[in-house]
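See below for start-v3.cif, which holds mmCIF, C-alpha atoms and all ligand atoms.
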data_target
#
loop_
_atom_site.label_atom_id
_atom_site.label_comp_id
_atom_site.auth_asym_id
_atom_site.auth_seq_id
_atom_site.Cartn_x
_atom_site.Cartn_y
_atom_site.Cartn_z
CA MET A 1 -6.37 -17.17 2.04
CA PRO A 2 -6.78 -14.64 -0.78
CA GLU A 3 -4.86 -15.71 -3.88
CA LEU A 4 -4.18 -13.88 -7.12
CA PRO A 5 -7.83 -13.64 -8.34
CA GLU A 6 -9.09 -12.32 -5.00
CA VAL A 7 -6.31 -9.75 -4.71
CA GLN A 8 -6.99 -8.71 -8.31
CA MET A 9 -10.67 -8.20 -7.40
CA VAL A 10 -9.73 -5.95 -4.49
CA VAL A 11 -7.52 -3.88 -6.81
CA THR A 12 -10.25 -3.71 -9.47
CA THR A 13 -12.92 -2.59 -7.00
CA LEU A 14 -10.66 -0.10 -5.17
CA ARG A 15 -9.35 1.59 -8.29
CA PRO A 16 -12.44 3.62 -9.34
CA ARG A 17 -13.08 4.64 -5.73
CA LEU A 18 -9.57 5.88 -4.95
CA LEU A 19 -7.75 6.98 -8.11
CA GLY A 20 -7.02 10.69 -8.14
CA ARG A 21 -8.33 11.17 -4.60
CA PRO A 22 -6.34 12.68 -1.75
CA ILE A 23 -6.09 10.97 1.64
CA ARG A 24 -7.26 13.52 4.21
CA ARG A 25 -6.59 11.76 7.47
CA VAL A 26 -4.93 8.54 8.61
CA ARG A 27 -5.93 6.66 11.74
CA VAL A 28 -3.55 3.93 12.84
CA LEU A 29 -5.27 1.73 15.41
CA ARG A 30 -2.56 -0.91 15.61
CA ALA A 31 0.95 0.23 14.77
CA ASP A 32 2.43 -3.28 14.68
CA ILE A 33 0.76 -4.08 11.34
CA ILE A 34 2.95 -1.41 9.74
CA ARG A 35 6.40 -2.27 8.41
CA PRO A 36 9.18 -1.47 8.52
CA LYS A 37 8.73 -1.37 12.27
CA GLY A 38 8.57 2.14 13.68
CA VAL A 39 7.45 3.89 10.46
CA ASP A 40 4.98 6.68 11.26
CA LEU A 41 2.53 6.20 8.40
CA ALA A 42 0.13 9.09 9.09
CA PRO A 43 2.35 12.03 8.04
CA LEU A 44 3.57 10.05 5.01
CA LEU A 45 0.07 9.50 3.63
CA GLN A 46 -1.77 12.60 4.79
CA ASP A 47 -2.83 15.01 1.98
CA ARG A 48 -1.25 12.79 -0.66
CA GLN A 49 -3.11 11.84 -3.79
CA VAL A 50 -3.55 8.21 -4.91
CA THR A 51 -2.20 7.98 -8.47
CA GLU A 52 -2.14 4.22 -9.10
CA ILE A 53 -3.35 0.94 -7.62
CA ALA A 54 -1.89 -2.27 -8.98
CA ARG A 55 -1.37 -5.90 -8.08
CA ARG A 56 2.02 -7.62 -7.92
CA ALA A 57 1.73 -11.27 -6.84
CA LYS A 58 -0.60 -11.09 -3.83
CA ARG A 59 0.30 -7.50 -2.96
CA ILE A 60 -1.89 -4.45 -3.45
CA VAL A 61 0.53 -1.68 -4.43
CA ILE A 62 -0.69 1.90 -3.98
CA THR A 63 1.29 4.75 -5.56
CA LEU A 64 0.96 8.33 -4.29
CA ASP A 65 1.89 11.58 -6.00
CA GLY A 66 5.65 11.97 -5.89
CA GLN A 67 6.00 8.27 -6.83
CA GLN A 68 6.05 7.14 -3.22
CA ARG A 69 4.40 3.79 -2.66
CA PHE A 70 3.13 1.43 -0.04
CA TYR A 71 1.60 -1.99 -0.33
CA VAL A 72 -0.97 -4.02 1.55
CA HIS A 73 -0.73 -7.80 1.98
CA LEU A 74 -3.99 -9.43 3.04
CA GLY A 75 -2.27 -12.45 4.63
CA MET A 76 -4.81 -15.09 5.70
CA THR A 77 -7.78 -13.02 6.81
CA GLY A 78 -7.14 -9.43 5.70
CA ARG A 79 -9.75 -7.23 4.03
CA LEU A 80 -9.41 -3.82 2.46
CA THR A 81 -12.87 -2.30 2.08
CA MET A 82 -14.47 1.03 1.26
CA GLU A 83 -16.85 2.35 3.91
CA ALA A 84 -18.89 5.51 4.37
CA ALA A 85 -17.21 8.13 6.56
CA GLY A 86 -17.96 7.57 10.22
CA SER A 87 -19.04 3.91 9.74
CA PRO A 88 -18.60 1.86 12.89
CA LEU A 89 -15.29 0.02 12.92
CA ALA A 90 -15.49 -3.77 12.71
CA PRO A 91 -13.41 -5.50 15.38
CA HIS A 92 -9.78 -5.96 14.21
CA THR A 93 -9.81 -2.82 12.06
CA HIS A 94 -6.19 -1.68 12.24
CA LEU A 95 -5.98 1.22 9.79
CA VAL A 96 -8.45 3.79 8.43
CA LEU A 97 -7.72 6.13 5.52
CA GLU A 98 -10.23 8.99 5.36
CA MET A 99 -10.62 10.18 1.77
CA ASP A 100 -11.81 13.62 0.63
CA ASP A 101 -15.24 12.41 -0.53
CA ALA A 102 -16.74 11.14 2.75
CA SER A 103 -15.47 7.61 2.10
CA GLU A 104 -12.93 5.61 4.09
CA VAL A 105 -10.65 2.68 3.40
CA HIS A 106 -10.63 0.18 6.26
CA PHE A 107 -7.91 -2.43 6.70
CA HIS A 108 -9.22 -5.22 8.86
CA ASP A 109 -7.28 -8.40 9.70
CA PRO A 110 -8.21 -10.61 12.69
CA ARG A 111 -5.21 -12.96 12.40
CA ARG A 112 -2.70 -10.26 11.47
CA PHE A 113 -0.62 -12.27 8.99
CA GLY A 114 -1.20 -9.35 6.64
CA GLY A 115 -0.02 -5.78 6.99
CA VAL A 116 0.96 -2.52 5.38
CA TRP A 117 4.47 -2.00 4.04
CA TRP A 118 5.80 1.50 3.40
CA LEU A 119 8.18 1.55 0.41
CA GLY A 120 8.69 5.27 -0.24
CA THR A 121 10.47 5.56 -3.58
CA ASP A 122 12.22 2.20 -3.11
CA ALA A 123 11.53 -0.52 -5.64
CA LEU A 124 9.30 -3.38 -4.60
CA PRO A 125 11.48 -6.11 -3.07
CA GLU A 126 11.31 -8.48 -6.02
CA ALA A 127 14.13 -10.83 -5.15
CA LYS A 128 11.92 -13.55 -3.75
CA LEU A 129 9.03 -13.22 -6.19
CA GLY A 130 8.70 -15.29 -9.33
CA PRO A 131 7.05 -14.06 -12.53
CA GLU A 132 3.33 -13.38 -12.83
CA PRO A 133 1.47 -16.44 -14.16
CA PHE A 134 -0.14 -14.43 -16.98
CA ASP A 135 3.30 -13.40 -18.26
CA LEU A 136 4.73 -16.90 -18.30
CA SER A 137 5.31 -18.95 -21.48
CA ALA A 138 5.31 -22.76 -21.40
CA ASP A 139 9.08 -22.66 -22.02
CA GLN A 140 9.64 -20.39 -19.03
CA LEU A 141 7.38 -22.44 -16.77
CA GLY A 142 9.10 -25.64 -17.92
CA ALA A 143 12.55 -24.20 -17.23
CA ARG A 144 11.51 -23.20 -13.71
CA LEU A 145 9.88 -26.56 -12.92
CA ALA A 146 12.87 -28.46 -14.33
CA LYS A 147 15.05 -27.09 -11.51
CA THR A 148 13.24 -28.95 -8.73
CA ARG A 149 12.39 -32.54 -7.87
CA ARG A 150 9.72 -31.43 -5.41
CA PRO A 151 6.14 -32.55 -6.16
CA VAL A 152 4.63 -30.22 -8.77
CA LYS A 153 1.95 -29.16 -6.27
CA THR A 154 4.60 -27.95 -3.81
CA ALA A 155 6.54 -26.22 -6.60
CA LEU A 156 3.46 -24.28 -7.74
CA LEU A 157 2.98 -22.91 -4.22
CA ASP A 158 6.58 -21.63 -4.13
CA GLN A 159 6.16 -17.87 -4.70
CA SER A 160 9.75 -17.59 -5.92
CA LEU A 161 8.98 -20.02 -8.73
CA ILE A 162 5.66 -18.49 -9.82
CA ALA A 163 3.91 -15.65 -7.99
CA GLY A 164 0.31 -15.53 -6.84
CA LEU A 165 -0.82 -19.16 -6.84
CA GLY A 166 -2.08 -20.72 -3.64
CA ASN A 167 -3.70 -23.98 -2.66
CA ILE A 168 -7.05 -23.51 -4.41
CA TYR A 169 -5.82 -22.53 -7.85
CA ALA A 170 -2.85 -24.92 -7.83
CA ASP A 171 -5.23 -27.85 -7.18
CA GLU A 172 -7.72 -26.66 -9.79
CA ALA A 173 -5.03 -26.05 -12.43
CA LEU A 174 -3.46 -29.50 -11.88
CA PHE A 175 -6.89 -31.09 -12.26
CA THR A 176 -7.56 -29.19 -15.49
CA ALA A 177 -4.15 -30.24 -16.83
CA GLY A 178 -4.69 -33.89 -15.74
CA ILE A 179 -1.49 -33.92 -13.67
CA HIS A 180 -1.18 -35.78 -10.37
CA PRO A 181 -0.02 -33.39 -7.63
CA LEU A 182 2.77 -35.75 -6.51
CA THR A 183 4.45 -35.81 -9.94
CA PRO A 184 8.03 -34.53 -9.48
CA ALA A 185 8.18 -31.08 -11.07
CA ASN A 186 11.22 -32.01 -13.16
CA ALA A 187 9.56 -35.19 -14.49
CA LEU A 188 6.78 -33.37 -16.34
CA ARG A 189 6.78 -34.00 -20.07
CA ARG A 190 6.70 -31.09 -22.51
CA LYS A 191 3.02 -31.69 -23.31
CA GLN A 192 2.16 -31.67 -19.61
CA VAL A 193 3.99 -28.39 -19.03
CA GLU A 194 2.08 -26.85 -21.94
CA ALA A 195 -1.22 -28.15 -20.55
CA LEU A 196 -0.35 -26.88 -17.08
CA ASN A 197 0.61 -23.43 -18.36
CA ARG A 198 -2.71 -23.16 -20.20
CA ALA A 199 -4.62 -24.53 -17.19
CA ILE A 200 -3.07 -22.02 -14.76
CA LYS A 201 -4.09 -19.05 -16.93
CA ALA A 202 -7.55 -20.46 -17.67
CA THR A 203 -8.21 -21.24 -13.99
CA LEU A 204 -7.15 -17.77 -12.83
CA ASN A 205 -9.14 -16.03 -15.59
CA ARG A 206 -12.22 -18.05 -14.76
CA ALA A 207 -11.84 -17.24 -11.06
CA ILE A 208 -11.47 -13.51 -11.84
CA ARG A 209 -14.63 -13.65 -13.99
CA HIS A 210 -16.45 -15.14 -11.00
CA LYS A 211 -14.98 -12.53 -8.63
CA GLY A 212 -12.71 -14.93 -6.76
CA SER A 213 -13.40 -17.60 -4.15
CA THR A 214 -14.82 -16.86 -0.72
CA LEU A 215 -14.17 -19.63 1.77
CA ARG A 216 -14.52 -17.65 4.98
CA ASP A 217 -13.10 -14.18 5.04
CA TYR A 218 -12.44 -12.86 1.59
CA ARG A 219 -14.44 -9.83 0.38
CA ASP A 220 -13.64 -7.33 -2.38
CA ALA A 221 -13.33 -3.62 -1.61
CA ASP A 222 -17.10 -3.20 -1.93
CA GLY A 223 -17.58 -5.89 0.73
CA LYS A 224 -18.86 -8.46 -1.77
CA PRO A 225 -17.86 -12.13 -1.57
CA GLY A 226 -16.66 -14.10 -4.60
CA ASP A 227 -18.58 -16.80 -6.38
CA PHE A 228 -15.93 -19.14 -7.71
CA GLN A 229 -15.97 -21.48 -4.69
CA LYS A 230 -19.19 -22.96 -6.12
CA LEU A 231 -17.27 -23.93 -9.24
CA HIS A 232 -14.27 -25.61 -7.61
CA ARG A 233 -13.87 -28.98 -9.24
CA VAL A 234 -11.48 -30.65 -6.80
CA TYR A 235 -10.49 -28.13 -4.13
CA ASP A 236 -12.22 -28.99 -0.84
CA ARG A 237 -14.33 -31.67 -2.61
CA ALA A 238 -12.71 -34.82 -1.15
CA GLY A 239 -15.22 -37.69 -1.08
CA ASN A 240 -17.43 -36.12 -3.76
CA PRO A 241 -17.61 -37.50 -7.31
CA CYS A 242 -15.23 -36.09 -9.93
CA VAL A 243 -17.10 -33.84 -12.36
CA ASN A 244 -15.42 -35.63 -15.30
CA CYS A 245 -15.44 -39.32 -14.40
CA GLY A 246 -17.46 -39.83 -11.21
CA LYS A 247 -14.57 -41.33 -9.18
CA LEU A 248 -14.34 -39.88 -5.69
CA VAL A 249 -12.04 -36.88 -5.30
CA LYS A 250 -9.15 -37.61 -2.92
CA ARG A 251 -7.22 -35.50 -0.46
CA LEU A 252 -3.55 -35.93 0.38
CA VAL A 253 -1.17 -33.87 2.48
CA ILE A 254 1.81 -32.83 0.35
CA GLY A 255 4.53 -30.62 1.80
CA GLY A 256 2.31 -29.79 4.77
CA ARG A 257 -0.58 -28.55 2.58
CA SER A 258 -3.70 -30.39 1.55
CA ALA A 259 -3.98 -31.41 -2.11
CA HIS A 260 -7.22 -32.42 -3.79
CA PHE A 261 -7.28 -34.47 -6.99
CA CYS A 262 -9.09 -37.15 -9.00
CA PRO A 263 -7.20 -40.46 -8.88
CA LYS A 264 -8.48 -41.38 -12.35
CA CYS A 265 -8.19 -38.09 -14.27
CA GLN A 266 -4.81 -37.33 -12.64
CA LYS A 267 -2.74 -40.50 -12.99
CA PRO A 268 -0.04 -41.04 -10.35
CA PRO A 269 3.53 -40.47 -11.57
CA ARG A 270 5.29 -43.55 -12.95
CA LYS A 271 8.29 -44.72 -10.99
CA ARG A 272 11.42 -43.91 -12.89
CA PRO A 273 13.61 -46.90 -13.81
ZN ZN B 301 -12.01 -37.83 -12.63
#
Go ahead and render the structure in this file as structure tokens.
Ligand SMILES: [Zn+2]
Amino acid sequence: MPELPEVQMVVTTLRPRLLGRPIRRVRVLRADIIRPKGVDLAPLLQDRQVTEIARRAKRIVITLDGQQRFYVHLGMTGRLTMEAAGSPLAPHTHLVLEMDDASEVHFHDPRRFGGVWWLGTDALPEAKLGPEPFDLSADQLGARLAKTRRPVKTALLDQSLIAGLGNIYADEALFTAGIHPLTPANALRRKQVEALNRAIKATLNRAIRHKGSTLRDYRDADGKPGDFQKLHRVYDRAGNPCVNCGKLVKRLVIGGRSAHFCPKCQKPPRKRP
């Protein structure tokens, strides 16, 4: 599933291709990927100019002239790619935006957990989204983690606590910080919270430098896969030696999601008296 670095890559690669360009024609091939249900997207987008493309959490937010906006969520398997006009449509292409320069934006999503949300001039529904990891201080992260006894791994996946992290980068950040994924979030010591805050930013920055992780489906807007999956240190490496100490990386299921960690570098939480 695309996480923050992958969504950021899509935004970064779309921006130079779309900014300032008008959308000439809109082809909706599957109306049920558009929300709210029943919105007729074509007349809303046609002949409108793209003025901004930004990321908020895992959403790709596109602003049109007149400050009207829509956003794309890639879900599990979504891709937003630039294609030459008239390119054959891959199966599961649900939306095509024809631009004025003989290019097209294709939204393609086999599993359809993603979609396109029309906002108009409404604000982005922020209520359920936590702060961006890059904006978070150790104090703020600590205050948010202190409110829950859930395992820290589960807490990091909670988008209302911190936005944009998923399984890969939560596992990698916990490894970098030397924190066992089962540690109750509210039992982390100050030093651990500081280490975790640094590790989250460092992990995401490193992933962005390597253009994200491609496990199966992810591609940027130019159709290129990421490279960071080759540099994962614990994620999906169960049974392989830890890059630090040589112990075998373990996998556990925590809160219904797999967690990967080194049993030596990430000491299990001590039982509280
Ligand atoms: Zn280790």
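For stretch 99-103 of chain A, the set of protein, DNA and RNA residues having any atom at most 9 Å away, when counting all atoms listed in the file and skipping those fewer than 5 positions along the same chain, is Arg17, Leu18, Arg21, Pro22, Ile23, Arg24, Arg25, Met82, Glu83, Ala84, Ala85 and Gly86 of chain A.
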Contacts of A:Asp171 within 9 Å, only C-alpha atoms, excl. fewer than 6 positions in-chain, as a list in words:
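Returned residues: Lys153, Pro181, Arg233, Val234, Tyr235, Ala259, His260 and Phe261 of chain A.
Of note, atom CA of A:His108 and atom CA of A:Arg79 are spaced 5.3 Å apart.
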Taking only residues of stretch 4-100 of chain A that have an atom at most 9 Å from an atom of stretch 204-216 of chain A, what is each one's shortest atom pair and its distance in Å to one decimal, using all atoms listed in the file, in chain and number order, as a Markdown table?
| residue | atom | partner | partner_atom | distance |
| --- | --- | --- | --- | --- |
| A:Leu4 | CA | A:Leu204 | CA | 7.5 |
| A:Pro5 | CA | A:Ile208 | CA | 5.1 |
| A:Glu6 | CA | A:Gly212 | CA | 4.8 |
| A:Val7 | CA | A:Gly212 | CA | 8.5 |
| A:Gln8 | CA | A:Ile208 | CA | 7.5 |
| A:Met9 | CA | A:Lys211 | CA | 6.2 |
| A:Thr77 | CA | A:Arg216 | CA | 8.4 |
With all atoms of stretch 252-259 of chain A from the file as input, state the centre and edge lengths in Å to one decimal of the axis-aligned box that has 3 Å extra on each side, as AutoDock Vina command-line options.
--center_x 0.3 --center_y -32.2 --center_z 1.3 --size_x 14.5 --size_y 13.4 --size_z 12.9
Select the residues contacting ligand ZN 301 (chain B) at a distance of at most 10 Å, based on all atoms listed in the file, then format the selection as a list of chain:residue names.
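Answer in the requested format: A:Phe175, A:Gly178, A:Arg233, A:Val234, A:Pro241, A:Cys242, A:Val243, A:Asn244, A:Cys245, A:Gly246, A:Lys247, A:Leu248, A:Val249, A:Phe261, A:Cys262, A:Pro263, A:Lys264, A:Cys265, A:Gln266, A:Lys267.
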Closest pair table for stretch 73-133 of chain A residues within 7 Å of stretch 33-55 of chain A, only C-alpha atoms, as JSON lines:
{"residue": "A:Gly115", "atom": "CA", "partner": "A:Ile33", "partner_atom": "CA", "distance": 4.7}
{"residue": "A:Val116", "atom": "CA", "partner": "A:Ile34", "partner_atom": "CA", "distance": 4.9}
{"residue": "A:Trp117", "atom": "CA", "partner": "A:Arg35", "partner_atom": "CA", "distance": 4.8}
{"residue": "A:Trp118", "atom": "CA", "partner": "A:Arg35", "partner_atom": "CA", "distance": 6.3}
Nearest to A:Pro269 by atom-to-atom distance, counting all atoms listed in the file, from A:Ala238, A:Ile62, A:Ala177, A:Leu182
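Among the listed residues, A:Leu182 lies closest to A:Pro269.
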Of A:Val61, A:Val105, A:Leu97, A:Ala123, the one nearest to A:Asp220 when counting only C-alpha atoms is A:Val105
One decimal, in Å: what's the spacing between atom CA of A:Val193 and atom CA of A:Phe228?
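According to the coordinates, atom CA of A:Val193 and atom CA of A:Phe228 are separated by 24.7 Å.
Here atom CA of A:Val96 is placed at a distance of 14.3 Å from atom CA of A:Leu14.
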Using only C-alpha atoms, which of the listed residues (A:Arg270, A:Arg198, A:His73, A:Arg27) sits closest to A:His180?
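For A:His180, the nearest of the given residues is A:Arg270.
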Closest to A:Lys191 among A:Gly223, A:Gly120, A:Leu157, A:Ile179, using all atoms listed in the file?
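Closest to A:Lys191 of all the choices is A:Ile179.
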Rank nothing, just name the residue among A:His94, A:Arg190, A:Arg237, A:Arg15 nearest to A:Asp32, using only C-alpha atoms.
A:His94
Min atom-atom distance to A:Gln67 from the set A:Asp122, A:Gln192, A:Thr203, A:Glu98, counting only C-alpha atoms, belongs to A:Asp122
